[in-house]
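What's in structure-v4.txt: compact mmCIF, C-alpha atoms and all ligand atoms
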# COMPACT_ATOMS: atom_id res chain seq x y z
CA MET B 27 -4.65 77.90 51.93
CA ASN B 28 -8.34 77.92 52.77
CA LEU B 29 -9.62 75.97 49.78
CA ILE B 30 -13.26 75.20 49.02
CA LEU B 31 -14.37 72.92 46.20
CA ARG B 32 -17.91 73.48 44.99
CA ASP B 33 -20.14 73.13 41.95
CA ALA B 34 -19.53 75.90 39.45
CA VAL B 35 -22.38 78.30 38.64
CA GLU B 36 -22.73 80.54 35.59
CA ALA B 37 -21.51 83.53 37.58
CA ASP B 38 -18.12 81.74 37.82
CA LEU B 39 -17.75 81.49 34.06
CA SER B 40 -15.76 84.69 33.55
CA ALA B 41 -13.18 83.56 36.15
CA ILE B 42 -13.11 80.09 34.57
CA ILE B 43 -12.49 81.55 31.11
CA GLU B 44 -9.87 83.94 32.43
CA ILE B 45 -7.90 81.03 33.93
CA TYR B 46 -8.32 79.06 30.71
CA ASN B 47 -7.31 81.92 28.38
CA ALA B 48 -4.14 82.56 30.39
CA THR B 49 -2.92 79.08 29.36
CA VAL B 50 -3.52 79.57 25.60
CA PRO B 51 -0.31 81.52 24.80
CA THR B 52 1.84 79.13 26.89
CA ARG B 53 1.18 76.37 24.28
CA MET B 54 1.56 73.87 27.13
CA VAL B 55 -1.94 73.05 28.27
CA THR B 56 -4.68 73.52 25.70
CA ALA B 57 -4.77 72.84 21.97
CA GLU B 58 -6.92 75.96 21.53
CA LEU B 59 -4.83 78.50 19.63
CA GLU B 60 -6.89 81.64 20.35
CA PRO B 61 -8.49 82.91 23.56
CA THR B 62 -12.19 82.20 23.93
CA THR B 63 -15.11 84.18 25.42
CA VAL B 64 -17.77 83.64 28.05
CA GLU B 65 -20.52 83.78 25.39
CA ALA B 66 -18.80 81.18 23.21
CA ARG B 67 -18.37 78.83 26.17
CA LEU B 68 -21.84 79.14 27.66
CA PRO B 69 -23.32 76.07 25.83
CA TRP B 70 -20.25 74.03 26.83
CA PHE B 71 -20.68 75.09 30.46
CA ARG B 72 -24.42 74.32 30.44
CA ASP B 73 -23.70 70.82 29.17
CA HIS B 74 -22.55 69.88 32.69
CA SER B 75 -24.70 68.87 35.64
CA PRO B 76 -23.66 68.16 39.23
CA ASP B 77 -24.80 64.55 39.22
CA GLU B 78 -23.59 63.73 35.71
CA TYR B 79 -20.45 65.30 34.26
CA PRO B 80 -19.98 67.88 37.03
CA PHE B 81 -18.05 71.13 36.80
CA TRP B 82 -16.30 72.20 40.00
CA VAL B 83 -14.39 75.29 40.97
CA ALA B 84 -11.73 75.65 43.65
CA GLU B 85 -12.29 78.82 45.62
CA SER B 86 -9.97 80.57 48.04
CA ASP B 87 -11.05 83.67 49.97
CA GLY B 88 -14.06 84.04 47.70
CA ARG B 89 -11.96 83.90 44.52
CA VAL B 90 -12.09 81.16 41.88
CA ILE B 91 -8.50 79.95 41.49
CA GLY B 92 -8.97 76.67 39.64
CA TRP B 93 -11.51 74.36 38.08
CA LEU B 94 -12.09 70.81 36.97
CA ASN B 95 -14.70 69.47 34.60
CA PHE B 96 -15.88 66.06 33.49
CA LYS B 97 -17.02 65.38 29.97
CA LYS B 98 -18.07 62.45 27.82
CA PHE B 99 -14.99 60.61 26.62
CA LEU B 100 -16.71 59.33 23.47
CA PRO B 101 -20.40 59.56 22.57
CA ARG B 102 -21.14 55.83 22.05
CA GLY B 103 -23.03 54.08 24.85
CA ALA B 104 -20.28 51.59 25.68
CA TYR B 105 -18.08 54.46 26.86
CA ARG B 106 -20.68 55.80 29.31
CA GLY B 107 -18.52 54.82 32.28
CA THR B 108 -15.45 56.64 30.98
CA ALA B 109 -15.12 60.38 31.46
CA GLU B 110 -12.47 62.83 30.33
CA ILE B 111 -11.36 65.33 32.95
CA SER B 112 -9.58 68.65 32.56
CA VAL B 113 -7.95 70.62 35.36
CA TYR B 114 -6.90 74.26 35.23
CA VAL B 115 -5.27 76.33 37.98
CA HIS B 116 -4.71 80.09 38.02
CA GLU B 117 -1.06 80.86 37.28
CA ASN B 118 -0.57 82.62 40.65
CA PHE B 119 -1.79 79.58 42.57
CA ARG B 120 0.11 76.74 40.90
CA ARG B 121 2.28 74.45 43.05
CA HIS B 122 -0.09 74.99 46.02
CA GLY B 123 -1.83 71.62 45.68
CA VAL B 124 -4.99 73.05 44.07
CA GLY B 125 -4.88 70.77 41.02
CA GLN B 126 -4.14 67.80 43.23
CA ARG B 127 -7.16 68.53 45.49
CA LEU B 128 -9.43 68.79 42.48
CA LEU B 129 -8.11 65.55 41.00
CA GLU B 130 -8.35 63.69 44.31
CA GLU B 131 -11.97 64.80 44.59
CA ALA B 132 -12.65 63.62 41.04
CA ILE B 133 -11.18 60.19 41.81
CA ALA B 134 -13.14 59.94 45.06
CA ARG B 135 -16.46 61.02 43.55
CA ALA B 136 -16.20 59.11 40.26
CA PRO B 137 -17.85 55.86 41.48
CA SER B 138 -20.92 57.68 42.80
CA LEU B 139 -21.22 59.41 39.42
CA GLY B 140 -21.26 56.03 37.68
CA ILE B 141 -17.76 56.61 36.29
CA THR B 142 -15.46 53.61 36.10
CA ALA B 143 -12.50 55.16 34.28
CA LEU B 144 -11.05 58.67 34.09
CA VAL B 145 -8.86 59.84 31.23
CA GLY B 146 -6.83 62.99 30.70
CA LEU B 147 -5.38 64.29 27.42
CA ILE B 148 -2.03 65.94 28.06
CA PHE B 149 0.65 67.29 25.72
CA GLY B 150 3.87 65.23 25.89
CA HIS B 151 5.83 68.38 26.77
CA ASN B 152 3.54 69.35 29.70
CA GLU B 153 5.77 67.80 32.36
CA PRO B 154 4.05 69.37 35.42
CA SER B 155 0.64 67.96 34.45
CA LEU B 156 2.04 64.55 33.57
CA LYS B 157 3.78 64.43 36.97
CA LEU B 158 0.59 65.43 38.79
CA PHE B 159 -1.49 62.71 37.12
CA ASP B 160 1.33 60.16 37.63
CA ARG B 161 1.40 60.98 41.34
CA LEU B 162 -2.29 60.22 41.66
CA GLY B 163 -1.94 56.80 40.05
CA PHE B 164 -2.83 57.58 36.43
CA GLU B 165 -1.05 55.40 33.88
CA ARG B 166 0.00 56.19 30.31
CA TRP B 167 -2.68 54.59 28.14
CA GLY B 168 -2.04 56.22 24.81
CA PHE B 169 0.65 57.99 22.84
CA PHE B 170 -0.14 60.01 19.71
CA PRO B 171 3.13 61.24 18.21
CA ALA B 172 3.31 64.70 16.61
CA VAL B 173 -0.48 65.14 16.32
CA ALA B 174 -0.57 68.78 17.43
CA GLN B 175 1.05 71.70 15.69
CA LEU B 176 1.81 74.60 18.01
CA ASP B 177 3.54 77.63 16.47
CA GLY B 178 5.13 75.42 13.84
CA VAL B 179 6.33 72.81 16.35
CA LYS B 180 4.88 69.30 16.21
CA ARG B 181 3.83 68.07 19.65
CA ASP B 182 2.84 64.66 21.05
CA LEU B 183 -0.38 63.91 22.89
CA ILE B 184 -0.43 61.49 25.83
CA VAL B 185 -3.60 59.89 27.13
CA VAL B 186 -3.41 59.12 30.83
CA GLY B 187 -6.02 56.95 32.50
CA LEU B 188 -7.15 55.52 35.79
CA HIS B 189 -9.68 52.80 36.51
CA CYS B 190 -11.83 53.95 39.40
CA PRO B 191 -12.50 51.30 42.01
CA ALA B 192 -15.43 49.21 40.85
CA PRO B 193 -18.24 49.64 43.37
CA ASP B 194 -17.94 46.00 44.45
CA SER B 195 -14.18 46.06 44.98
CA HIS B 196 -14.23 47.78 48.39
CA PRO B 197 -12.96 45.84 51.37
CA GLU B 198 -15.63 44.02 53.37
CA SER B 199 -15.33 46.44 56.29
CA PHE B 200 -16.39 49.30 54.04
CA ARG B 201 -19.35 47.50 52.57
CA GLY B 202 -21.27 47.24 55.79
CA PRO B 203 -23.86 44.62 56.58
CA VAL B 204 -24.35 42.94 53.21
CA SER B 205 -26.67 40.03 53.85
CA ALA B 206 -25.38 36.49 53.43
CA GLU B 207 -27.91 35.76 50.67
CA THR B 208 -26.87 38.77 48.58
CA THR B 209 -25.37 37.66 45.30
CA SER B 210 -22.24 39.33 43.97
CA HIS B 211 -24.38 40.77 41.18
CA ALA B 212 -26.56 42.55 43.74
CA ASP B 213 -23.54 43.81 45.69
CA ALA B 214 -22.64 46.59 43.27
CA PRO B 215 -25.60 48.91 43.91
CA GLN B 216 -25.35 48.23 47.64
CA ALA B 217 -21.68 49.15 47.73
CA ARG B 218 -22.52 52.23 45.67
CA CYS B 219 -25.04 53.18 48.38
CA TYR B 220 -22.39 53.00 51.09
CA LYS B 221 -20.08 55.13 49.03
CA ASP B 222 -22.88 57.65 48.45
CA CYS B 223 -23.66 57.70 52.20
CA LEU B 224 -20.05 58.54 52.94
CA ASN B 225 -20.14 61.27 50.31
CA LEU B 226 -23.21 62.78 51.97
CA MET B 227 -21.50 62.74 55.35
CA GLN B 228 -18.48 64.45 53.80
CA THR B 229 -20.80 66.98 52.22
CA LEU B 230 -22.30 67.78 55.62
CA MET B 231 -18.84 68.21 57.11
CA HIS B 232 -17.92 70.52 54.26
CA TYR B 233 -20.99 72.71 54.83
CA ARG B 234 -20.10 73.04 58.52
CA GLN B 235 -17.27 75.35 57.46
CA GLU B 236 -19.49 77.42 55.16
CA PRO B 237 -21.65 80.51 55.79
CA ILE B 238 -24.76 78.50 54.81
CA HIS B 239 -24.34 76.55 58.07
CA SER B 240 -25.04 79.58 60.27
CA ALA B 241 -27.68 80.90 57.85
CA LEU B 242 -29.62 77.63 58.11
CA GLN B 243 -29.04 77.43 61.86
CA LYS B 244 -31.04 80.67 62.15
CA ILE B 245 -33.75 79.31 59.83
CA ARG B 246 -33.99 76.15 61.91
CA ASP B 247 -34.23 78.05 65.18
CA LYS B 248 -37.00 80.28 63.88
CA TYR B 249 -39.02 78.12 61.54
CA SER B 250 -38.23 74.41 61.47
CA MET B 251 -38.88 71.19 63.33
CA LEU B 252 -36.16 69.41 61.34
CA HIS B 253 -32.54 68.89 62.40
CA LEU B 254 -29.97 71.33 61.04
CA ASP B 255 -28.19 68.50 59.16
CA VAL B 256 -31.44 67.69 57.37
CA LEU B 257 -31.91 71.33 56.35
CA LEU B 258 -28.32 71.31 55.05
CA LEU B 259 -29.04 68.19 53.00
CA ILE B 260 -32.25 69.73 51.65
CA TYR B 261 -30.20 72.79 50.68
CA HIS B 262 -27.58 70.56 49.05
CA PHE B 263 -30.03 68.39 47.09
CA SER B 264 -31.91 71.49 45.93
CA LYS B 265 -28.64 72.88 44.69
CA ILE B 266 -27.47 69.80 42.82
CA CYS B 267 -30.70 68.16 41.65
CA SER B 268 -31.97 68.24 38.10
CA GLY B 269 -35.68 68.90 37.69
CA SER B 270 -38.15 70.38 40.15
CA ILE B 271 -38.56 70.18 43.90
CA LEU B 272 -41.77 69.08 45.64
CA GLU B 273 -42.26 69.51 49.38
CA ILE B 274 -45.26 67.97 51.15
CA GLY B 275 -45.95 69.48 54.58
CA ALA B 276 -44.29 72.90 54.49
CA PHE B 277 -45.54 74.03 57.93
CA VAL B 278 -44.10 77.52 58.56
CA GLY B 279 -41.39 77.17 55.92
CA GLY B 280 -38.11 75.95 57.48
CA ALA B 281 -37.40 73.28 54.87
CA THR B 282 -38.97 75.38 52.11
CA ILE B 283 -36.53 78.21 52.80
CA ALA B 284 -33.56 75.79 52.92
CA ALA B 285 -34.62 74.43 49.50
CA ALA B 286 -35.09 77.95 48.12
CA PHE B 287 -31.57 78.90 49.24
CA GLY B 288 -30.25 75.78 47.45
CA VAL B 289 -32.06 76.71 44.23
CA ARG B 290 -30.75 80.27 44.51
CA ASP B 291 -27.16 79.03 44.98
CA SER B 292 -27.45 76.55 42.10
CA GLY B 293 -27.62 79.51 39.72
CA ARG B 294 -30.27 77.60 37.78
CA GLN B 295 -34.02 77.99 37.34
CA LYS B 296 -35.90 75.26 39.23
CA LYS B 297 -39.50 74.98 40.28
CA LEU B 298 -40.05 74.69 44.01
CA ILE B 299 -43.58 73.55 44.89
CA ALA B 300 -44.75 73.36 48.50
CA ILE B 301 -48.02 71.77 49.69
CA GLU B 302 -49.55 72.80 53.00
CA PRO B 303 -53.20 72.65 54.14
CA GLY B 304 -52.76 75.08 57.04
CA GLY B 305 -54.38 75.07 60.47
CA GLY B 306 -52.93 75.59 63.91
CA VAL B 307 -50.27 73.73 65.90
CA LYS B 308 -49.37 73.69 69.58
CA HIS B 309 -45.60 73.51 69.85
CA ARG B 310 -43.29 74.76 72.56
CA ARG B 311 -41.02 76.63 70.15
CA LEU B 312 -42.98 76.93 66.89
CA GLY B 313 -46.63 77.04 67.93
CA THR B 314 -48.94 78.90 65.55
CA ARG B 315 -52.65 79.58 65.16
CA ASN B 316 -52.36 80.09 61.42
CA ILE B 317 -49.75 78.03 59.60
CA LEU B 318 -50.42 79.47 56.13
CA ARG B 319 -50.25 83.08 57.30
CA ASP B 320 -46.92 82.42 59.06
CA LEU B 321 -45.59 80.40 56.13
CA GLU B 322 -46.26 83.21 53.66
CA ARG B 323 -44.82 85.80 56.06
CA ASN B 324 -41.63 83.75 56.63
CA LEU B 325 -41.06 83.15 52.91
CA ALA B 326 -41.44 86.89 52.34
CA ARG B 327 -39.05 87.74 55.19
CA GLN B 328 -36.42 85.49 53.65
CA ARG B 329 -37.13 86.99 50.19
CA VAL B 330 -37.94 83.65 48.60
CA SER B 331 -41.72 84.01 48.06
CA LYS B 332 -41.33 84.40 44.31
CA MET B 333 -39.36 81.15 44.08
CA VAL B 334 -42.08 79.05 45.74
CA THR B 335 -45.35 77.84 44.25
CA LEU B 336 -47.50 77.32 47.33
CA ILE B 337 -50.39 74.89 46.95
CA LYS B 338 -52.88 75.12 49.79
CA GLY B 339 -54.46 71.74 50.43
CA ARG B 340 -53.81 68.12 51.36
CA SER B 341 -51.30 66.15 49.33
CA PHE B 342 -53.76 63.43 48.28
CA ALA B 343 -56.73 65.67 47.35
CA PRO B 344 -57.43 65.42 43.59
CA GLU B 345 -57.31 69.23 43.22
CA THR B 346 -53.88 69.34 44.90
CA ILE B 347 -52.54 66.58 42.65
CA SER B 348 -53.78 68.34 39.56
CA ALA B 349 -52.37 71.71 40.76
CA VAL B 350 -48.96 70.05 41.26
CA HIS B 351 -49.11 68.49 37.80
CA GLN B 352 -50.03 71.83 36.31
CA ALA B 353 -47.21 73.61 38.12
CA LEU B 354 -44.70 70.95 37.02
CA GLY B 355 -45.75 70.94 33.38
CA SER B 356 -43.47 68.54 31.56
CA GLU B 357 -40.80 68.61 34.28
CA GLU B 358 -39.94 65.74 36.57
CA ILE B 359 -39.35 65.91 40.31
CA GLY B 360 -35.64 65.73 41.24
CA LEU B 361 -36.13 66.19 45.00
CA LEU B 362 -39.14 65.10 47.08
CA ILE B 363 -39.41 66.24 50.71
CA LEU B 364 -42.03 64.34 52.72
CA ASP B 365 -42.80 65.77 56.13
CA ALA B 366 -46.57 65.73 56.41
CA ASP B 367 -48.46 62.91 58.13
CA ALA B 368 -47.83 59.16 58.30
CA GLY B 369 -49.04 58.43 54.75
CA LYS B 370 -45.63 58.28 53.12
CA ARG B 371 -46.48 55.56 50.64
CA ARG B 372 -49.79 57.28 49.80
CA ASP B 373 -47.95 60.54 49.02
CA ILE B 374 -45.32 58.77 46.91
CA GLU B 375 -48.06 56.98 44.94
CA CYS B 376 -49.81 60.31 44.29
CA TYR B 377 -46.72 61.72 42.55
CA ARG B 378 -44.71 58.67 41.44
CA ASP B 379 -45.49 59.30 37.76
CA LYS B 380 -43.50 62.54 38.06
CA LEU B 381 -40.51 61.21 40.04
CA ALA B 382 -37.27 61.22 38.06
CA ASP B 383 -35.12 58.11 38.28
CA GLY B 384 -32.65 58.89 41.06
CA CYS B 385 -34.93 61.59 42.53
CA TRP B 386 -33.51 62.57 45.95
CA MET B 387 -35.95 61.68 48.76
CA VAL B 388 -36.00 63.24 52.24
CA ILE B 389 -38.57 61.48 54.42
CA ASP B 390 -39.11 62.53 58.01
CA ASP B 391 -40.52 60.50 60.93
CA TYR B 392 -38.70 57.32 59.95
CA SER B 393 -38.00 56.48 63.55
CA GLY B 394 -39.14 57.84 66.88
CA ALA B 395 -40.42 56.99 70.30
CA ASP B 396 -43.19 54.36 70.47
CA SER B 397 -45.54 57.14 71.47
CA ASN B 398 -44.95 58.84 68.11
CA VAL B 399 -47.96 57.78 66.06
CA LYS B 400 -46.34 58.94 62.82
CA SER B 401 -43.10 57.01 62.91
CA ALA B 402 -44.25 53.36 62.95
CA PRO B 403 -46.43 53.58 59.79
CA SER B 404 -43.94 55.91 58.10
CA ARG B 405 -41.16 53.46 58.72
CA ALA B 406 -43.25 50.52 57.51
CA ASP B 407 -44.02 52.41 54.27
CA VAL B 408 -40.38 53.27 53.63
CA ASP B 409 -39.16 49.75 54.49
CA ALA B 410 -41.70 48.20 52.11
CA LEU B 411 -40.58 50.46 49.26
CA VAL B 412 -36.91 49.70 50.02
CA ALA B 413 -37.67 45.97 50.02
CA ALA B 414 -39.44 46.35 46.67
CA GLY B 415 -36.35 48.08 45.24
CA ALA B 416 -38.26 51.34 44.65
CA LEU B 417 -36.26 53.30 47.23
CA GLU B 418 -32.50 53.22 47.68
CA PRO B 419 -31.49 54.15 51.24
CA LEU B 420 -28.65 56.60 51.87
CA GLY B 421 -28.84 56.69 55.63
CA PHE B 422 -30.56 58.42 58.51
CA TYR B 423 -29.85 61.96 59.48
CA GLY B 424 -30.62 64.28 62.38
CA TRP B 425 -33.17 62.72 64.76
CA SER B 426 -35.40 60.66 62.49
CA THR B 427 -35.06 61.63 58.85
CA TRP B 428 -34.53 58.98 56.18
CA VAL B 429 -32.61 60.00 53.06
CA GLY B 430 -32.34 58.13 49.79
CA ARG B 431 -33.16 58.03 46.09
CA TRP B 432 -36.10 56.91 44.01
CA ARG B 433 -35.37 53.83 41.92
CA GLY B 434 -38.94 52.80 41.21
CA GLY B 435 -39.19 53.92 37.58
CA SER B 436 -42.24 55.77 36.37
CA SER B 437 -45.59 53.97 36.57
C1 LIG B 501 -43.97 68.36 60.88
S1 LIG B 501 -44.71 69.63 60.00
C2 LIG B 501 -43.52 70.01 58.77
C3 LIG B 501 -42.31 70.65 59.33
C4 LIG B 501 -41.44 71.35 58.31
N1 LIG B 501 -40.96 70.46 57.28
C5 LIG B 501 -40.26 72.03 58.97
O1 LIG B 501 -39.24 72.28 58.33
O2 LIG B 501 -40.40 72.37 60.17
C6 LIG B 501 -45.96 68.80 59.12
C7 LIG B 501 -46.84 69.69 58.26
O3 LIG B 501 -47.51 68.86 57.33
C8 LIG B 501 -48.80 69.37 57.13
N2 LIG B 501 -49.63 68.26 56.62
C9 LIG B 501 -50.24 67.27 57.31
N3 LIG B 501 -50.86 66.43 56.46
C10 LIG B 501 -50.65 66.89 55.21
C11 LIG B 501 -51.02 66.46 53.91
N4 LIG B 501 -51.73 65.35 53.71
N5 LIG B 501 -50.61 67.19 52.86
C12 LIG B 501 -49.84 68.30 53.01
N6 LIG B 501 -49.45 68.73 54.23
C13 LIG B 501 -49.84 68.04 55.30
C14 LIG B 501 -49.21 69.89 58.48
O4 LIG B 501 -50.22 70.89 58.36
C15 LIG B 501 -47.90 70.44 59.02
O5 LIG B 501 -47.79 71.82 58.76
Could the structure of this file be written out as structure tokens, please?
Amino acid sequence: MNLILRDAVEADLSAIIEIYNATVPTRMVTAELEPTTVEARLPWFRDHSPDEYPFWVAESDGRVIGWLNFKKFLPRGAYRGTAEISVYVHENFRRHGVGQRLLEEAIARAPSLGITALVGLIFGHNEPSLKLFDRLGFERWGFFPAVAQLDGVKRDLIVVGLHCPAPDSHPESFRGPVSAETTSHADAPQARCYKDCLNLMQTLMHYRQEPIHSALQKIRDKYSMLHLDVLLLIYHFSKICSGSILEIGAFVGGATIAAAFGVRDSGRQKKLIAIEPGGGVKHRRLGTRNILRDLERNLARQRVSKMVTLIKGRSFAPETISAVHQALGSEEIGLLILDADAGKRRDIECYRDKLADGCWMVIDDYSGADSNVKSAPSRADVDALVAAGALEPLGFYGWSTWVGRWRGGSS
């Protein structure tokens, strides 16, 4: 079966509820006694976010055939690392490995979500689910006898659980070049970084099989100086990030369009702000005499103009900074794309008060030929911020683009 796992969007909710409601009369899976509705479940659905308590669907041939969600196990702070998961598969697609794929993904992604233990609540008479969780290494952690009453029959509840590998428990080979001076206390975030890097690589591989790959290939060929993998990551971060997106150095719109597609496919409202001063550029493939005219034309051609707040000016000019603040309002930046000149640190300082903790950062010109006047200072800026602990690196992608997260706190 051609199975795709992806973040759920609101448009999936009717399929999600349909799968859920089909299990209600079986009295095997859910303790809900009556079917529910899309409207009733909307707040529950909106309580999820891709980087904290995600909600995924399994899709086959464009149809949602299963889903998995994470939720808080208990509200008190000490349980932050423990999440409850639920898995549902359409009745026509059971015993095809769909539930197993979803669960395997949950186990693999848990550490990068800050989750250290997964629990599932399963009726004692739901043998297929108990077997599935057993197979994936879950243990029986709790037994609540006769706590549920289903059509007059008292039923047991079993709590199954799995400790997810602590970030510092990976074998040395996986952890990469941890320096000799690094203390074991400092190892955990570093190991988390390696895990996150691998997740990003997997994400890129996943997108290679998706229609967005060829859509962005065309955007790159027509409008972008960035590598296709970088456009895919910009698309991905725009899709999953919380908060707004700020791009500095839009040029004729390649990365802007990739970000707009990500926002569109997230099914959520997000602000996408692009800064570009304009001018002309000599370039073999993308030369232009009027950057702003071409940028506006390209955004219109791709039908994303309305999604983009275009600020015409230089990133560090006081009027640009105040226009960005005004456009953001009270929102924080969840993705920052820096592809302007060599002043990477300058641009980060201009907007650091609006960067969310964990803000995704895509910074171009990290490395390049010695003749590239942008790359040496850009690299020095990024390295200094990494050394100061303000940036967390997640690797280098396509040609010379640095990817990571903001860990500098607000000023
Ligand atoms: C390499 S291009 C960006 C390429 C684009 N990201 C893409 O997908 O092809 C750099 C752009 O940054 C703009 N730029 C240069 N300095 C800037 C600044 N201080 N603020 C905003 N944009 C700037 C330039 O006008 C140019 O259009």
Enumerate, in order of chain and increasing residue number, the residues of chain B with an atom no farther than 9 Å from ligand LIG 501 (chain B), each with its shortest atom pair and distance in Å to one decimal, counting only C-alpha atoms and all ligand atoms, as a tab-separated table.
residue	atom	partner	partner_atom	distance
B:Arg246	CA	B:LIG501	O1	7.4
B:Tyr249	CA	B:LIG501	O2	6.1
B:Ser250	CA	B:LIG501	O2	3.2
B:Met251	CA	B:LIG501	O2	3.7
B:Leu252	CA	B:LIG501	O1	5.2
B:His253	CA	B:LIG501	O1	8.5
B:Leu257	CA	B:LIG501	O1	7.7
B:Glu273	CA	B:LIG501	N1	8.1
B:Ile274	CA	B:LIG501	C12	5.0
B:Gly275	CA	B:LIG501	O3	3.2
B:Ala276	CA	B:LIG501	N1	5.0
B:Phe277	CA	B:LIG501	O5	3.3
B:Val278	CA	B:LIG501	O2	6.5
B:Gly279	CA	B:LIG501	O1	5.9
B:Gly280	CA	B:LIG501	O1	3.9
B:Ala281	CA	B:LIG501	O1	4.0
B:Thr282	CA	B:LIG501	O1	7.0
B:Ile283	CA	B:LIG501	O1	8.5
B:Ala284	CA	B:LIG501	O1	8.6
B:Ala300	CA	B:LIG501	C12	8.5
B:Ile301	CA	B:LIG501	C12	5.1
B:Glu302	CA	B:LIG501	N6	4.3
B:Pro303	CA	B:LIG501	N6	5.4
B:Gly304	CA	B:LIG501	O4	5.1
B:Gly305	CA	B:LIG501	O4	6.3
B:Gly306	CA	B:LIG501	O4	7.8
B:Val307	CA	B:LIG501	O5	7.8
B:Leu312	CA	B:LIG501	O2	8.5
B:Ile317	CA	B:LIG501	O5	6.6
B:Leu318	CA	B:LIG501	O5	8.5
B:Ile337	CA	B:LIG501	C12	9.0
B:Lys338	CA	B:LIG501	C12	8.1
B:Gly339	CA	B:LIG501	C12	6.3
B:Arg340	CA	B:LIG501	N5	3.7
B:Ser341	CA	B:LIG501	N5	3.7
B:Phe342	CA	B:LIG501	N4	6.1
B:Ala343	CA	B:LIG501	N4	8.1
B:Thr346	CA	B:LIG501	N5	8.9
B:Ile363	CA	B:LIG501	N1	8.0
B:Leu364	CA	B:LIG501	N1	7.7
B:Asp365	CA	B:LIG501	C2	5.0
B:Ala366	CA	B:LIG501	O3	3.4
B:Asp367	CA	B:LIG501	N3	4.6
B:Ala368	CA	B:LIG501	N3	8.1
B:Gly369	CA	B:LIG501	N4	7.5
B:Asp373	CA	B:LIG501	N4	7.7
B:Asp390	CA	B:LIG501	C1	8.1
B:Asp391	CA	B:LIG501	C1	8.6
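In this structure, CA of Gly288 in chain B sits 20.5 Å away from CA of Val350 in chain B.
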Q) In Å to one decimal, how far is CA of Ile271 in chain B from CA of Leu321 in chain B? A) 17.4 Å
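If you look at CA of Ser240 in chain B and CA of His309 in chain B, they are 23.5 Å away from each other.
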Q.
When you look at Leu68 in chain B with a cut-off of 12 Å (counting only C-alpha atoms), what residues show up, excluding the ones that are within fewer than 6 positions of it in the same chain? I need them as number ranges by chain.
A. B: 35-40, 42-43, 62, 74
(Q) Set the distance at 10 Å and use all atoms listed in the file: which residues neighbour range 115-127 of chain B once local chain neighbours fewer than 5 positions away are removed? I'd like the list as a ChimeraX atom specification. (A) /B:27,29-31,41-42,44-46,48-49,83-86,90-94,132-133,154-155,158-159,161-162
Set the distance at 9 Å and use all atoms listed in the file: which residues neighbour Ile266 in chain B once local chain neighbours fewer than 2 positions away are removed? I'd like the list as an mmCIF file with C-alpha atoms, in the frame of the given file.
data_model
loop_
_atom_site.group_PDB
_atom_site.id
_atom_site.type_symbol
_atom_site.label_atom_id
_atom_site.label_comp_id
_atom_site.auth_asym_id
_atom_site.auth_seq_id
_atom_site.Cartn_x
_atom_site.Cartn_y
_atom_site.Cartn_z
ATOM 1 C CA ASP B 33 -20.140 73.130 41.950
ATOM 2 C CA SER B 75 -24.700 68.870 35.640
ATOM 3 C CA PRO B 76 -23.660 68.160 39.230
ATOM 4 C CA ASP B 77 -24.800 64.550 39.220
ATOM 5 C CA TYR B 261 -30.200 72.790 50.680
ATOM 6 C CA HIS B 262 -27.580 70.560 49.050
ATOM 7 C CA PHE B 263 -30.030 68.390 47.090
ATOM 8 C CA SER B 264 -31.910 71.490 45.930
ATOM 9 C CA SER B 268 -31.970 68.240 38.100
ATOM 10 C CA GLY B 288 -30.250 75.780 47.450
ATOM 11 C CA VAL B 289 -32.060 76.710 44.230
ATOM 12 C CA SER B 292 -27.450 76.550 42.100
#
(Q) Using all atoms listed in the file, can you tell me which of B:His151, B:Arg319, B:Lys248, B:Lys380 comes closest to Ile359 in chain B? (A) B:Lys380
**Q.** Non-local contacts of Val388 in chain B (9 Å; only C-alpha atoms; under 2 positions in same chain excluded) as a PyMOL selection string
**A.** chain B and resi 256+259-260+361-365+386+390+427-431
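Distances from B:Leu272, B:Leu224, B:Leu242, B:Cys219 to Leu417 in chain B were compared using only C-alpha atoms, and the smallest one belongs to B:Cys219.
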Contacts of range 59-146 of chain B with range 175-183 of chain B up to 12 Å, shortest pair per row, only C-alpha atoms, as CSV:
residue,atom,partner,partner_atom,distance
B:Leu59,CA,B:Leu176,CA,7.9
B:Glu60,CA,B:Leu176,CA,11.4
B:Gly146,CA,B:Leu183,CA,10.2
Kindly save the residues from that selection, with C-alpha atoms included, as a PDB file, keeping the file's coordinate frame.
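File produced: part_32.pdb:
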ATOM      1  CA  LEU B  59      -4.830  78.500  19.630  1.00  0.00           C
ATOM      2  CA  GLU B  60      -6.890  81.640  20.350  1.00  0.00           C
ATOM      3  CA  GLY B 146      -6.830  62.990  30.700  1.00  0.00           C
TER       4      GLY B 146
END
